[in-house]
Structures are given as C-alpha cells and as structure tokens.
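K.L.:
Below you'll find run_30.pdb; it's PDB, C-alpha atoms (C1' of nucleotides).
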MODEL        1
ATOM      1  CA  MET A   1      22.148  12.166   9.336
ATOM      2  CA  VAL A   2      19.160  10.612   7.576
ATOM      3  CA  ASN A   3      20.511  10.224   4.052
ATOM      4  CA  ASN A   4      19.258  12.624   1.368
ATOM      5  CA  GLN A   5      18.865   9.912  -1.216
ATOM      6  CA  SER A   6      16.630   8.140   1.261
ATOM      7  CA  VAL A   7      14.423  11.196   1.766
ATOM      8  CA  ALA A   8      14.074  11.486  -2.020
ATOM      9  CA  LEU A   9      12.962   7.861  -2.199
ATOM     10  CA  ASP A  10      10.518   8.415   0.672
ATOM     11  CA  ARG A  11       8.929  11.250  -1.286
ATOM     12  CA  VAL A  12       8.781   9.424  -4.596
ATOM     13  CA  PHE A  13       7.194   6.305  -3.136
ATOM     14  CA  HIS A  14       4.835   8.394  -1.060
ATOM     15  CA  ALA A  15       3.839  10.343  -4.160
ATOM     16  CA  LEU A  16       3.081   7.079  -5.969
ATOM     17  CA  ALA A  17       1.000   5.771  -3.077
ATOM     18  CA  HIS A  18      -2.220   7.626  -3.911
ATOM     19  CA  PRO A  19      -4.540   6.749  -6.810
ATOM     20  CA  ALA A  20      -5.281  10.385  -7.630
ATOM     21  CA  ARG A  21      -1.587  11.141  -8.012
ATOM     22  CA  ARG A  22      -1.009   8.041 -10.125
ATOM     23  CA  THR A  23      -3.865   9.162 -12.366
ATOM     24  CA  MET A  24      -2.203  12.549 -12.710
ATOM     25  CA  LEU A  25       1.133  10.955 -13.538
ATOM     26  CA  ARG A  26      -0.398   8.746 -16.213
ATOM     27  CA  GLN A  27      -1.980  11.849 -17.715
ATOM     28  CA  LEU A  28       1.272  13.802 -17.507
ATOM     29  CA  ALA A  29       3.067  10.990 -19.315
ATOM     30  CA  GLU A  30       0.988  11.962 -22.361
ATOM     31  CA  GLY A  31       2.339  15.492 -22.186
ATOM     32  CA  GLU A  32       2.171  18.790 -20.307
ATOM     33  CA  CYS A  33      -1.102  19.790 -18.589
ATOM     34  CA  ASN A  34      -2.302  22.659 -16.495
ATOM     35  CA  LEU A  35      -3.908  22.184 -13.082
ATOM     36  CA  THR A  36      -7.480  22.399 -14.342
ATOM     37  CA  GLU A  37      -6.855  19.565 -16.785
ATOM     38  CA  LEU A  38      -5.236  17.496 -14.056
ATOM     39  CA  ALA A  39      -8.071  18.124 -11.616
ATOM     40  CA  GLU A  40     -10.897  17.505 -14.080
ATOM     41  CA  PRO A  41     -10.903  13.656 -14.093
ATOM     42  CA  LEU A  42     -10.681  13.431 -10.273
ATOM     43  CA  ARG A  43     -13.669  13.318  -7.980
ATOM     44  CA  MET A  44     -12.497  15.993  -5.608
ATOM     45  CA  SER A  45     -12.331  19.762  -5.313
ATOM     46  CA  PHE A  46      -9.874  21.747  -7.366
ATOM     47  CA  VAL A  47      -8.068  22.771  -4.190
ATOM     48  CA  ALA A  48      -7.553  19.133  -3.178
ATOM     49  CA  ALA A  49      -6.159  18.308  -6.611
ATOM     50  CA  SER A  50      -3.833  21.278  -6.378
ATOM     51  CA  LYS A  51      -2.463  19.861  -3.127
ATOM     52  CA  HIS A  52      -1.772  16.536  -4.836
ATOM     53  CA  VAL A  53       0.200  18.350  -7.502
ATOM     54  CA  ARG A  54       2.279  19.916  -4.779
ATOM     55  CA  VAL A  55       3.082  16.459  -3.385
ATOM     56  CA  LEU A  56       4.275  15.458  -6.856
ATOM     57  CA  GLU A  57       6.408  18.581  -7.004
ATOM     58  CA  ARG A  58       7.973  17.901  -3.623
ATOM     59  CA  ALA A  59       8.957  14.480  -4.968
ATOM     60  CA  LYS A  60      10.386  16.271  -8.023
ATOM     61  CA  LEU A  61       8.177  14.148 -10.254
ATOM     62  CA  VAL A  62       6.619  17.329 -11.622
ATOM     63  CA  ARG A  63       8.014  20.694 -12.576
ATOM     64  CA  ARG A  64       5.764  23.710 -12.914
ATOM     65  CA  ARG A  65       5.971  26.502 -15.457
ATOM     66  CA  LYS A  66       3.765  29.575 -15.211
ATOM     67  CA  VAL A  67       2.265  30.722 -18.512
ATOM     68  CA  GLY A  68      -0.096  33.621 -18.081
ATOM     69  CA  ARG A  69      -2.626  32.625 -15.490
ATOM     70  CA  THR A  70      -2.218  28.885 -16.072
ATOM     71  CA  HIS A  71       0.401  26.663 -14.483
ATOM     72  CA  LEU A  72       1.752  24.082 -16.903
ATOM     73  CA  CYS A  73       3.073  20.901 -15.301
ATOM     74  CA  ARG A  74       5.661  18.664 -16.872
ATOM     75  CA  MET A  75       6.738  15.245 -15.684
ATOM     76  CA  GLU A  76      10.287  14.550 -14.598
ATOM     77  CA  THR A  77      11.446  10.982 -14.992
ATOM     78  CA  LYS A  78      14.736  10.942 -13.131
ATOM     79  CA  PRO A  79      13.323  10.346  -9.623
ATOM     80  CA  VAL A  80      11.359   7.365 -10.942
ATOM     81  CA  GLU A  81      14.486   5.962 -12.520
ATOM     82  CA  ASP A  82      16.221   6.328  -9.153
ATOM     83  CA  ALA A  83      13.380   4.479  -7.469
ATOM     84  CA  LEU A  84      13.552   1.747 -10.101
ATOM     85  CA  LYS A  85      17.284   1.489  -9.544
ATOM     86  CA  TRP A  86      16.715   0.970  -5.824
ATOM     87  CA  ILE A  87      14.180  -1.783  -6.500
ATOM     88  CA  GLU A  88      16.487  -3.369  -9.062
ATOM     89  CA  THR A  89      19.381  -3.613  -6.595
ATOM     90  CA  TRP A  90      17.026  -5.070  -4.027
ATOM     91  CA  ARG A  91      15.706  -7.536  -6.608
ATOM     92  CA  GLN A  92      19.201  -8.727  -7.427
ATOM     93  CA  THR A  93      19.699  -9.675  -3.794
ATOM     94  CA  TRP A  94      16.444 -11.540  -3.443
ATOM     95  CA  GLU A  95      16.850 -13.324  -6.773
ATOM     96  CA  ALA A  96      20.315 -14.496  -5.814
ATOM     97  CA  ASN A  97      19.090 -15.787  -2.475
ATOM     98  CA  TYR A  98      15.676 -17.127  -3.370
ATOM     99  CA  ASP A  99      16.989 -18.845  -6.481
ATOM    100  CA  ARG A 100      19.635 -20.445  -4.316
ATOM    101  CA  LEU A 101      16.920 -21.475  -1.862
ATOM    102  CA  ASP A 102      14.880 -22.955  -4.679
ATOM    103  CA  SER A 103      17.798 -25.031  -5.948
ATOM    104  CA  VAL A 104      18.484 -26.279  -2.424
ATOM    105  CA  LEU A 105      14.848 -27.355  -2.187
ATOM    106  CA  GLU A 106      15.066 -28.985  -5.613
ATOM    107  CA  GLU A 107      18.175 -30.886  -4.536
ATOM    108  CA  LEU A 108      16.448 -32.066  -1.376
ATOM    109  CA  LYS A 109      13.473 -33.284  -3.369
ATOM    110  CA  THR A 110      15.716 -35.244  -5.746
ATOM    111  CA  LYS A 111      17.550 -36.842  -2.837
ATOM    112  CA  LEU A 112      14.247 -37.838  -1.244
ATOM    113  CA  LYS A 113      13.099 -39.538  -4.446
ATOM    114  CA  LYS A 114      16.316 -41.551  -4.624
ATOM    115  CA  SER A 115      16.026 -42.779  -1.046
TER
ATOM    116  CA  MET B   1     -15.867   1.222  -6.670
ATOM    117  CA  VAL B   2     -12.231   2.082  -5.919
ATOM    118  CA  ASN B   3     -10.417  -0.695  -7.793
ATOM    119  CA  ASN B   4      -8.780  -3.467  -5.780
ATOM    120  CA  GLN B   5      -5.628  -3.471  -7.854
ATOM    121  CA  SER B   6      -5.326   0.207  -7.045
ATOM    122  CA  VAL B   7      -5.600  -0.397  -3.301
ATOM    123  CA  ALA B   8      -2.879  -3.043  -3.580
ATOM    124  CA  LEU B   9      -0.616  -0.520  -5.325
ATOM    125  CA  ASP B  10      -1.417   2.101  -2.686
ATOM    126  CA  ARG B  11      -0.258  -0.312   0.005
ATOM    127  CA  VAL B  12       2.889  -1.439  -1.780
ATOM    128  CA  PHE B  13       4.070   2.087  -2.534
ATOM    129  CA  HIS B  14       3.160   3.226   0.950
ATOM    130  CA  ALA B  15       5.125   0.313   2.388
ATOM    131  CA  LEU B  16       8.149   1.333   0.330
ATOM    132  CA  ALA B  17       7.885   4.959   1.447
ATOM    133  CA  HIS B  18       9.628   4.578   4.803
ATOM    134  CA  PRO B  19      13.373   4.030   5.255
ATOM    135  CA  ALA B  20      12.917   1.579   8.130
ATOM    136  CA  ARG B  21      10.687  -0.611   5.994
ATOM    137  CA  ARG B  22      13.080  -0.461   3.048
ATOM    138  CA  THR B  23      15.891  -1.519   5.394
ATOM    139  CA  MET B  24      13.765  -4.456   6.495
ATOM    140  CA  LEU B  25      13.029  -5.424   2.919
ATOM    141  CA  ARG B  26      16.687  -5.326   1.954
ATOM    142  CA  GLN B  27      17.415  -7.585   4.901
ATOM    143  CA  LEU B  28      14.563  -9.943   4.030
ATOM    144  CA  ALA B  29      15.900 -10.229   0.493
ATOM    145  CA  GLU B  30      18.866 -12.064   2.035
ATOM    146  CA  GLY B  31      16.528 -14.600   3.570
ATOM    147  CA  GLU B  32      13.981 -15.224   6.320
ATOM    148  CA  CYS B  33      14.301 -13.309   9.611
ATOM    149  CA  ASN B  34      12.396 -13.096  12.850
ATOM    150  CA  LEU B  35      11.144  -9.808  14.274
ATOM    151  CA  THR B  36      14.056  -9.350  16.674
ATOM    152  CA  GLU B  37      16.531  -9.598  13.811
ATOM    153  CA  LEU B  38      14.495  -7.135  11.764
ATOM    154  CA  ALA B  39      14.202  -4.672  14.652
ATOM    155  CA  GLU B  40      17.838  -4.847  15.731
ATOM    156  CA  PRO B  41      19.419  -2.544  13.063
ATOM    157  CA  LEU B  42      16.699   0.117  13.499
ATOM    158  CA  ARG B  43      16.919   2.973  15.933
ATOM    159  CA  MET B  44      13.473   2.539  17.402
ATOM    160  CA  SER B  45      11.661   0.417  19.942
ATOM    161  CA  PHE B  46      10.828  -3.184  19.200
ATOM    162  CA  VAL B  47       7.123  -2.347  19.218
ATOM    163  CA  ALA B  48       7.612   0.339  16.570
ATOM    164  CA  ALA B  49       9.509  -2.117  14.372
ATOM    165  CA  SER B  50       6.774  -4.670  14.839
ATOM    166  CA  LYS B  51       4.262  -2.131  13.523
ATOM    167  CA  HIS B  52       6.391  -1.588  10.424
ATOM    168  CA  VAL B  53       6.359  -5.325   9.795
ATOM    169  CA  ARG B  54       2.584  -5.219   9.953
ATOM    170  CA  VAL B  55       2.551  -2.517   7.261
ATOM    171  CA  LEU B  56       4.677  -4.780   5.077
ATOM    172  CA  GLU B  57       2.265  -7.630   5.716
ATOM    173  CA  ARG B  58      -0.762  -5.532   4.794
ATOM    174  CA  ALA B  59       1.002  -4.797   1.493
ATOM    175  CA  LYS B  60       1.561  -8.568   1.153
ATOM    176  CA  LEU B  61       5.287  -7.930   0.816
ATOM    177  CA  VAL B  62       5.872 -10.156   3.838
ATOM    178  CA  ARG B  63       4.349 -13.397   4.999
ATOM    179  CA  ARG B  64       4.694 -14.527   8.597
ATOM    180  CA  ARG B  65       5.221 -18.047   9.915
ATOM    181  CA  LYS B  66       5.117 -18.831  13.616
ATOM    182  CA  VAL B  67       7.850 -21.170  14.823
ATOM    183  CA  GLY B  68       7.804 -21.677  18.545
ATOM    184  CA  ARG B  69       7.917 -18.241  20.124
ATOM    185  CA  THR B  70       9.558 -16.586  17.129
ATOM    186  CA  HIS B  71       7.771 -15.202  14.084
ATOM    187  CA  LEU B  72       9.695 -15.884  10.905
ATOM    188  CA  CYS B  73       9.087 -13.407   8.096
ATOM    189  CA  ARG B  74       9.567 -14.194   4.447
ATOM    190  CA  MET B  75       9.481 -11.756   1.562
ATOM    191  CA  GLU B  76       6.897 -12.019  -1.203
ATOM    192  CA  THR B  77       7.947 -10.610  -4.547
ATOM    193  CA  LYS B  78       4.718 -10.655  -6.512
ATOM    194  CA  PRO B  79       3.340  -7.301  -5.269
ATOM    195  CA  VAL B  80       6.621  -5.626  -6.214
ATOM    196  CA  GLU B  81       6.451  -7.151  -9.669
ATOM    197  CA  ASP B  82       2.933  -5.743  -9.977
ATOM    198  CA  ALA B  83       4.179  -2.319  -8.955
ATOM    199  CA  LEU B  84       7.029  -2.560 -11.456
ATOM    200  CA  LYS B  85       4.538  -3.539 -14.139
ATOM    201  CA  TRP B  86       2.483  -0.420 -13.391
ATOM    202  CA  ILE B  87       5.569   1.795 -13.640
ATOM    203  CA  GLU B  88       6.637   0.030 -16.829
ATOM    204  CA  THR B  89       3.313   0.728 -18.550
ATOM    205  CA  TRP B  90       3.501   4.319 -17.424
ATOM    206  CA  ARG B  91       7.076   4.551 -18.685
ATOM    207  CA  GLN B  92       6.069   3.286 -22.106
ATOM    208  CA  THR B  93       3.628   6.171 -22.419
ATOM    209  CA  TRP B  94       6.056   8.833 -21.363
ATOM    210  CA  GLU B  95       8.858   7.448 -23.506
ATOM    211  CA  ALA B  96       6.604   7.415 -26.540
ATOM    212  CA  ASN B  97       5.509  10.993 -25.933
ATOM    213  CA  TYR B  98       8.688  12.550 -24.649
ATOM    214  CA  ASP B  99      10.776  10.894 -27.350
ATOM    215  CA  ARG B 100       8.350  12.295 -29.880
ATOM    216  CA  LEU B 101       8.643  15.704 -28.251
ATOM    217  CA  ASP B 102      12.415  15.472 -28.351
ATOM    218  CA  SER B 103      12.432  14.644 -32.066
ATOM    219  CA  VAL B 104      10.070  17.541 -32.729
ATOM    220  CA  LEU B 105      12.472  19.824 -30.902
ATOM    221  CA  GLU B 106      15.400  18.342 -32.811
ATOM    222  CA  GLU B 107      13.601  18.961 -36.079
ATOM    223  CA  LEU B 108      12.883  22.559 -35.109
ATOM    224  CA  LYS B 109      16.521  23.111 -34.224
ATOM    225  CA  THR B 110      17.655  21.744 -37.601
ATOM    226  CA  LYS B 111      15.214  23.990 -39.435
ATOM    227  CA  LEU B 112      16.439  27.006 -37.491
ATOM    228  CA  LYS B 113      20.031  26.271 -38.446
ATOM    229  CA  LYS B 114      19.073  26.086 -42.110
ATOM    230  CA  SER B 115      17.218  29.421 -42.090
TER
ATOM    231  C1'  DG C   1     -13.962  48.342 -16.463
ATOM    232  C1'  DA C   2     -16.687  44.036 -15.409
ATOM    233  C1'  DA C   3     -17.118  39.205 -15.591
ATOM    234  C1'  DA C   4     -15.116  34.854 -16.114
ATOM    235  C1'  DT C   5     -11.116  31.862 -15.498
ATOM    236  C1'  DA C   6      -6.953  29.772 -13.143
ATOM    237  C1'  DG C   7      -4.943  29.397  -9.310
ATOM    238  C1'  DT C   8      -3.249  30.300  -4.131
ATOM    239  C1'  DA C   9      -3.844  30.879   0.951
ATOM    240  C1'  DA C  10      -5.794  30.025   5.288
ATOM    241  C1'  DA C  11      -8.669  27.802   8.520
ATOM    242  C1'  DC C  12     -10.677  23.802   9.791
ATOM    243  C1'  DC C  13     -11.538  18.725  10.387
ATOM    244  C1'  DA C  14     -11.395  13.594  10.759
ATOM    245  C1'  DA C  15      -8.470   9.929  10.055
ATOM    246  C1'  DC C  16      -4.004   7.931   9.820
ATOM    247  C1'  DT C  17       1.166   7.554  10.888
ATOM    248  C1'  DG C  18       4.910   6.716  13.527
ATOM    249  C1'  DG C  19       6.509   6.754  17.713
ATOM    250  C1'  DT C  20       6.353   5.933  22.941
ATOM    251  C1'  DT C  21       5.347   3.264  27.513
ATOM    252  C1'  DG C  22       3.411  -0.358  30.406
ATOM    253  C1'  DA C  23       1.163  -4.659  31.067
ATOM    254  C1'  DC C  24       0.516  -9.122  29.391
ATOM    255  C1'  DA C  25       1.018 -14.057  26.978
ATOM    256  C1'  DA C  26       3.584 -17.762  25.311
ATOM    257  C1'  DT C  27       7.676 -20.418  24.888
ATOM    258  C1'  DC C  28      12.348 -21.834  25.704
ATOM    259  C1'  DG C  29      16.475 -23.174  28.657
ATOM    260  C1'  DG C  30      18.281 -24.358  32.743
TER
ATOM    261  C1'  DC D   1       9.265 -24.149  38.252
ATOM    262  C1'  DC D   2      11.793 -19.646  37.186
ATOM    263  C1'  DG D   3      13.871 -16.417  34.546
ATOM    264  C1'  DA D   4      14.884 -14.807  30.085
ATOM    265  C1'  DT D   5      13.312 -14.215  25.421
ATOM    266  C1'  DT D   6       9.932 -13.187  21.748
ATOM    267  C1'  DG D   7       6.268 -11.077  20.744
ATOM    268  C1'  DT D   8       1.223  -8.859  21.265
ATOM    269  C1'  DC D   9      -2.147  -5.447  22.851
ATOM    270  C1'  DA D  10      -3.869  -1.099  24.501
ATOM    271  C1'  DA D  11      -3.464   3.577  25.531
ATOM    272  C1'  DC D  12      -1.560   7.690  24.456
ATOM    273  C1'  DC D  13       0.578  11.534  21.748
ATOM    274  C1'  DA D  14       2.308  14.836  18.283
ATOM    275  C1'  DG D  15       2.561  15.466  13.512
ATOM    276  C1'  DT D  16       0.929  14.525   8.769
ATOM    277  C1'  DT D  17      -2.497  13.511   5.191
ATOM    278  C1'  DG D  18      -6.352  14.267   2.520
ATOM    279  C1'  DG D  19     -10.260  16.479   2.244
ATOM    280  C1'  DT D  20     -13.529  20.603   2.773
ATOM    281  C1'  DT D  21     -15.037  25.756   2.510
ATOM    282  C1'  DT D  22     -14.365  30.587   2.110
ATOM    283  C1'  DA D  23     -11.823  34.433   0.699
ATOM    284  C1'  DC D  24      -8.376  36.279  -2.095
ATOM    285  C1'  DT D  25      -5.013  37.451  -6.365
ATOM    286  C1'  DA D  26      -3.896  37.598 -11.052
ATOM    287  C1'  DT D  27      -4.949  37.247 -15.782
ATOM    288  C1'  DT D  28      -7.767  37.053 -19.770
ATOM    289  C1'  DT D  29     -11.812  38.318 -22.440
ATOM    290  C1'  DC D  30     -15.546  40.974 -23.829
TER
ENDMDL
END
Please express the file's structure as structure tokens.
P.N.:
Amino acid sequence: MVNNQSVALDRVFHALAHPARRTMLRQLAEGECNLTELAEPLRMSFVAASKHVRVLERAKLVRRRKVGRTHLCRMETKPVEDALKWIETWRQTWEANYDRLDSVLEELKTKLKKS
Amino acid sequence: MVNNQSVALDRVFHALAHPARRTMLRQLAEGECNLTELAEPLRMSFVAASKHVRVLERAKLVRRRKVGRTHLCRMETKPVEDALKWIETWRQTWEANYDRLDSVLEELKTKLKKS
DNA sequence: GAAATAGTAAACCAACTGGTTGACAATCGG
DNA sequence: CCGATTGTCAACCAGTTGGTTTACTATTTC
C-alpha cells in the first residue's frame, strides 16, 4: 500500500536534497517572494528555477498565490515539522541504544583496569 | 566552488528520501546489522538493498566493518545532527518572520474591531 | 495598441536512480 | 574438500532529475 505519510516524507527530503531549493527555502523563510525573486540568486535559467519551485510545491513546502501576473510563494512549515518528528523518533531509538552501548563499553574498561 | 558542506547536506537528505533507506536507518538505530539483516525486511533483491546501503555510506550515515564474510554496518549520527542544525537555523528565520507577520495580522484585526 | 514583464508548456538531452539478472569471490561449517 | 552463505561486480533497463532552448499566454505599463 506504500504509506502516504512515507510518500510525503520522500518528497520533503527529496525537496531538501538540492542546494538551489535550500537556497529558495532560506529566502522564503524571510517572507513571501515571487518566482523572479526566487530565481534571481541562482545560476540557472528562469525555467529551471520554476521547476525547482514546483518540486517544493509537490512536497507542500510552498504554496502559490497568483496576484496579477506574478506568482507569490509562501512557505509552509508543517511538512518540515513532520520530517523533524520522524528524525526525532529515530534519534530516540539510537540514543537509547548507543548510550547503552557506551555504558557497556565504559563498564568493560573499568573492569579491565581493575584486573 | 559548490560548497562541501552543501554537498554533504545533499547526500544526507537524498539518503533520507527513500523509504527503504529510512527503514534501514531505523533498524540500524537499534544496533549494528549485517547486509543480510538489513535486506531481509525489504521487498527487493539483495543486490538492490546493497546499493541502498552504499547510498547511506556515501552520505556517511553508515560505516562498514568487515568481519569474516559478513559486513557489519554501524550508524553515524553526526551528519544527521548537521542536517538538523541546518533546519534549525532555517527555522529560526521563519519563526522570527512568520511570528512577526502573525502579530502584524493580529494588530490589524484588533484595529478593525475598534473601527 | 505596442512593448516589456512574469510566467507556463513542450521538446529535447545527458546523467542519475532504482531495480533486475547472472557470474563471480571469499569465508564458514561440516 | 564441498556446499551453503555473504557479499561484490557488471551489464542492462525503464523512469526520473535537472538542465537547456524555443514558443507561447497573460498582464501591466506607457
């Protein structure tokens, strides 16, 4: 059935995996921009930049609002929070286990010193 | 010059952008595994799984240790922490700006009520 | 109404992804 | 030594990504 939540995560992480899109997201964090403003700092054609915006939209990291002939883009934070939540759960597991591992190693080291 | 830090982030986010690799990472958070153990829960050939492990290695999320004929994989957390740090910085910006936007909107609403 | 601006759509391309199969190498257990 | 296990490598393939160019639409501005 290929979980929906999983597909959403796929898209978010994929969206974050390109420097041009991360640049856009940092810019969008400052506030709404239109496509021209988003494309301007990038060393690529306007069309290419427009495609990157679409990737961000597919990941629901960006919502678009048409105002006259310009398309204003606004950042959406929820999908990022979901991604962070996934990482956080994962982190809890590894911290539990790796901390345990570390204390086992520490115990071994202490025992070795005593012997 | 295409920043090195940026390439590292590209790889980490790309590594996280596939469900099979996330499954592997969740499993690795429990402790070291060999390739067979990592491949077993996935509905794909062993070779395909092995390629996913290589993607995780390229992102430095996994280190490999050869023990006899088995390859033990261990998770590395630093690259994830770096990725989280990037998101955190980004979040600080958007919280600053979107909170400000929200209070501006709140102020407007109050003024409207009064008039 | 004509020119400039903001953006989409379509065609194309090289490179990469994610999967397969088949053949091989190395190691372990009897 | 032989068979099973663990894993690699190479070739192949269809689909996606990330970029280009060229042509088009829609809106604003003069």
K.L.:
If the cut-off is 10 Å, can you tell me the residues of chain C near chain B, counting all atoms listed in the file? I'd like them as number ranges by chain.
P.N.:
C: 18-20, 26-28
K.L.:
Please write the residues from the selection above to a file, keeping C-alpha atoms (C1' of nucleotides), as a PDB file, in the frame of the given file.
P.N.:
ATOM      1  C1'  DG C  18       4.910   6.716  13.527  1.00  0.00           C
ATOM      2  C1'  DG C  19       6.509   6.754  17.713  1.00  0.00           C
ATOM      3  C1'  DT C  20       6.353   5.933  22.941  1.00  0.00           C
ATOM      4  C1'  DA C  26       3.584 -17.762  25.311  1.00  0.00           C
ATOM      5  C1'  DT C  27       7.676 -20.418  24.888  1.00  0.00           C
ATOM      6  C1'  DC C  28      12.348 -21.834  25.704  1.00  0.00           C
TER       7       DC C  28
END
K.L.:
State, in Å with one decimal place, the distance from atom CA of B:Asn34 to atom CA of B:Met75.
P.N.:
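These atoms are spaced 11.7 Å apart.
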K.L.:
Quick one: pull the distance between atom CA of A:Phe46 and atom C1' of D:DG18, Å, one decimal.
P.N.:
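So the two atoms, atom CA of A:Phe46 and atom C1' of D:DG18, lie 12.9 Å apart.
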K.L.:
What is the distance, in Å and to one decimal place, between atom CA of A:Tyr98 and atom CA of B:Arg26?
P.N.:
13.0 Å
K.L.:
Least-squares align chain B to chain A using all Cα atoms paired by position, then dump the moved coordinates as an mmCIF file with C-alpha atoms, in the coordinates of the input.
P.N.:
data_model
loop_
_atom_site.group_PDB
_atom_site.id
_atom_site.type_symbol
_atom_site.label_atom_id
_atom_site.label_comp_id
_atom_site.auth_asym_id
_atom_site.auth_seq_id
_atom_site.Cartn_x
_atom_site.Cartn_y
_atom_site.Cartn_z
ATOM 1 C CA MET B 1 22.182 12.036 9.410
ATOM 2 C CA VAL B 2 19.165 10.566 7.605
ATOM 3 C CA ASN B 3 20.528 10.208 4.066
ATOM 4 C CA ASN B 4 19.279 12.599 1.394
ATOM 5 C CA GLN B 5 18.870 9.895 -1.207
ATOM 6 C CA SER B 6 16.637 8.122 1.272
ATOM 7 C CA VAL B 7 14.428 11.178 1.760
ATOM 8 C CA ALA B 8 14.089 11.474 -2.019
ATOM 9 C CA LEU B 9 12.952 7.840 -2.193
ATOM 10 C CA ASP B 10 10.519 8.410 0.676
ATOM 11 C CA ARG B 11 8.933 11.246 -1.285
ATOM 12 C CA VAL B 12 8.780 9.419 -4.601
ATOM 13 C CA PHE B 13 7.182 6.303 -3.139
ATOM 14 C CA HIS B 14 4.824 8.390 -1.054
ATOM 15 C CA ALA B 15 3.839 10.336 -4.162
ATOM 16 C CA LEU B 16 3.080 7.081 -5.964
ATOM 17 C CA ALA B 17 0.987 5.781 -3.066
ATOM 18 C CA HIS B 18 -2.231 7.619 -3.908
ATOM 19 C CA PRO B 19 -4.534 6.745 -6.817
ATOM 20 C CA ALA B 20 -5.281 10.384 -7.641
ATOM 21 C CA ARG B 21 -1.587 11.128 -7.999
ATOM 22 C CA ARG B 22 -1.001 8.038 -10.129
ATOM 23 C CA THR B 23 -3.869 9.154 -12.376
ATOM 24 C CA MET B 24 -2.195 12.538 -12.706
ATOM 25 C CA LEU B 25 1.129 10.950 -13.540
ATOM 26 C CA ARG B 26 -0.394 8.746 -16.212
ATOM 27 C CA GLN B 27 -1.968 11.841 -17.717
ATOM 28 C CA LEU B 28 1.278 13.810 -17.516
ATOM 29 C CA ALA B 29 3.076 11.001 -19.321
ATOM 30 C CA GLU B 30 0.992 11.967 -22.365
ATOM 31 C CA GLY B 31 2.326 15.495 -22.187
ATOM 32 C CA GLU B 32 2.160 18.796 -20.314
ATOM 33 C CA CYS B 33 -1.104 19.787 -18.591
ATOM 34 C CA ASN B 34 -2.329 22.663 -16.496
ATOM 35 C CA LEU B 35 -3.917 22.177 -13.082
ATOM 36 C CA THR B 36 -7.497 22.379 -14.345
ATOM 37 C CA GLU B 37 -6.856 19.552 -16.791
ATOM 38 C CA LEU B 38 -5.222 17.485 -14.059
ATOM 39 C CA ALA B 39 -8.064 18.116 -11.606
ATOM 40 C CA GLU B 40 -10.892 17.494 -14.063
ATOM 41 C CA PRO B 41 -10.893 13.632 -14.088
ATOM 42 C CA LEU B 42 -10.671 13.435 -10.269
ATOM 43 C CA ARG B 43 -13.658 13.309 -7.990
ATOM 44 C CA MET B 44 -12.475 15.977 -5.602
ATOM 45 C CA SER B 45 -12.322 19.736 -5.315
ATOM 46 C CA PHE B 46 -9.854 21.724 -7.357
ATOM 47 C CA VAL B 47 -8.020 22.733 -4.187
ATOM 48 C CA ALA B 48 -7.546 19.096 -3.181
ATOM 49 C CA ALA B 49 -6.135 18.287 -6.619
ATOM 50 C CA SER B 50 -3.814 21.249 -6.379
ATOM 51 C CA LYS B 51 -2.441 19.833 -3.123
ATOM 52 C CA HIS B 52 -1.752 16.508 -4.827
ATOM 53 C CA VAL B 53 0.220 18.332 -7.501
ATOM 54 C CA ARG B 54 2.293 19.904 -4.759
ATOM 55 C CA VAL B 55 3.099 16.438 -3.386
ATOM 56 C CA LEU B 56 4.287 15.431 -6.848
ATOM 57 C CA GLU B 57 6.418 18.559 -7.006
ATOM 58 C CA ARG B 58 7.998 17.888 -3.619
ATOM 59 C CA ALA B 59 8.966 14.456 -4.974
ATOM 60 C CA LYS B 60 10.401 16.260 -8.029
ATOM 61 C CA LEU B 61 8.180 14.137 -10.258
ATOM 62 C CA VAL B 62 6.625 17.321 -11.626
ATOM 63 C CA ARG B 63 8.025 20.685 -12.575
ATOM 64 C CA ARG B 64 5.765 23.705 -12.910
ATOM 65 C CA ARG B 65 5.959 26.515 -15.454
ATOM 66 C CA LYS B 66 3.752 29.580 -15.217
ATOM 67 C CA VAL B 67 2.244 30.712 -18.510
ATOM 68 C CA GLY B 68 -0.124 33.602 -18.118
ATOM 69 C CA ARG B 69 -2.685 32.582 -15.528
ATOM 70 C CA THR B 70 -2.231 28.858 -16.104
ATOM 71 C CA HIS B 71 0.390 26.650 -14.480
ATOM 72 C CA LEU B 72 1.752 24.089 -16.901
ATOM 73 C CA CYS B 73 3.070 20.910 -15.303
ATOM 74 C CA ARG B 74 5.655 18.672 -16.876
ATOM 75 C CA MET B 75 6.734 15.253 -15.684
ATOM 76 C CA GLU B 76 10.296 14.549 -14.586
ATOM 77 C CA THR B 77 11.443 10.972 -14.986
ATOM 78 C CA LYS B 78 14.738 10.950 -13.134
ATOM 79 C CA PRO B 79 13.325 10.350 -9.622
ATOM 80 C CA VAL B 80 11.371 7.365 -10.940
ATOM 81 C CA GLU B 81 14.503 5.967 -12.531
ATOM 82 C CA ASP B 82 16.223 6.332 -9.160
ATOM 83 C CA ALA B 83 13.388 4.477 -7.476
ATOM 84 C CA LEU B 84 13.551 1.744 -10.110
ATOM 85 C CA LYS B 85 17.292 1.489 -9.555
ATOM 86 C CA TRP B 86 16.718 0.963 -5.826
ATOM 87 C CA ILE B 87 14.175 -1.787 -6.503
ATOM 88 C CA GLU B 88 16.488 -3.359 -9.073
ATOM 89 C CA THR B 89 19.368 -3.620 -6.597
ATOM 90 C CA TRP B 90 17.016 -5.076 -4.038
ATOM 91 C CA ARG B 91 15.695 -7.532 -6.616
ATOM 92 C CA GLN B 92 19.191 -8.724 -7.436
ATOM 93 C CA THR B 93 19.681 -9.685 -3.801
ATOM 94 C CA TRP B 94 16.433 -11.538 -3.461
ATOM 95 C CA GLU B 95 16.838 -13.317 -6.783
ATOM 96 C CA ALA B 96 20.301 -14.478 -5.808
ATOM 97 C CA ASN B 97 19.074 -15.765 -2.460
ATOM 98 C CA TYR B 98 15.671 -17.101 -3.364
ATOM 99 C CA ASP B 99 16.997 -18.814 -6.479
ATOM 100 C CA ARG B 100 19.629 -20.419 -4.300
ATOM 101 C CA LEU B 101 16.937 -21.461 -1.844
ATOM 102 C CA ASP B 102 14.876 -22.917 -4.659
ATOM 103 C CA SER B 103 17.797 -24.989 -5.949
ATOM 104 C CA VAL B 104 18.480 -26.230 -2.427
ATOM 105 C CA LEU B 105 14.862 -27.313 -2.184
ATOM 106 C CA GLU B 106 15.069 -28.924 -5.615
ATOM 107 C CA GLU B 107 18.163 -30.822 -4.554
ATOM 108 C CA LEU B 108 16.452 -32.023 -1.387
ATOM 109 C CA LYS B 109 13.464 -33.216 -3.380
ATOM 110 C CA THR B 110 15.708 -35.183 -5.758
ATOM 111 C CA LYS B 111 17.519 -36.809 -2.853
ATOM 112 C CA LEU B 112 14.217 -37.775 -1.259
ATOM 113 C CA LYS B 113 13.063 -39.446 -4.458
ATOM 114 C CA LYS B 114 16.263 -41.474 -4.614
ATOM 115 C CA SER B 115 15.993 -42.713 -1.014
#
K.L.:
What residues come out when you apply the PyMOL selection byres ((chain B) within 12 of (chain A)) to this file, written as a ChimeraX atom specification?
P.N.:
/B:2-32,43,59,74-78,80-81,83-102
K.L.:
Taking (-1.0, -6.6, 30.7) in the file's own coordinates, collect the residues within 9 Å, counting all atoms listed in the file, and hand them back as a PyMOL selection string.
P.N.:
(chain C and resi 22-25) or (chain D and resi 9-10)
K.L.:
Contacts from chain D to chain A, 12 Å maximum, all atoms listed in the file: show me the residue list as an MDAnalysis selection string.
P.N.:
chainID D and resid 17:22 25:28
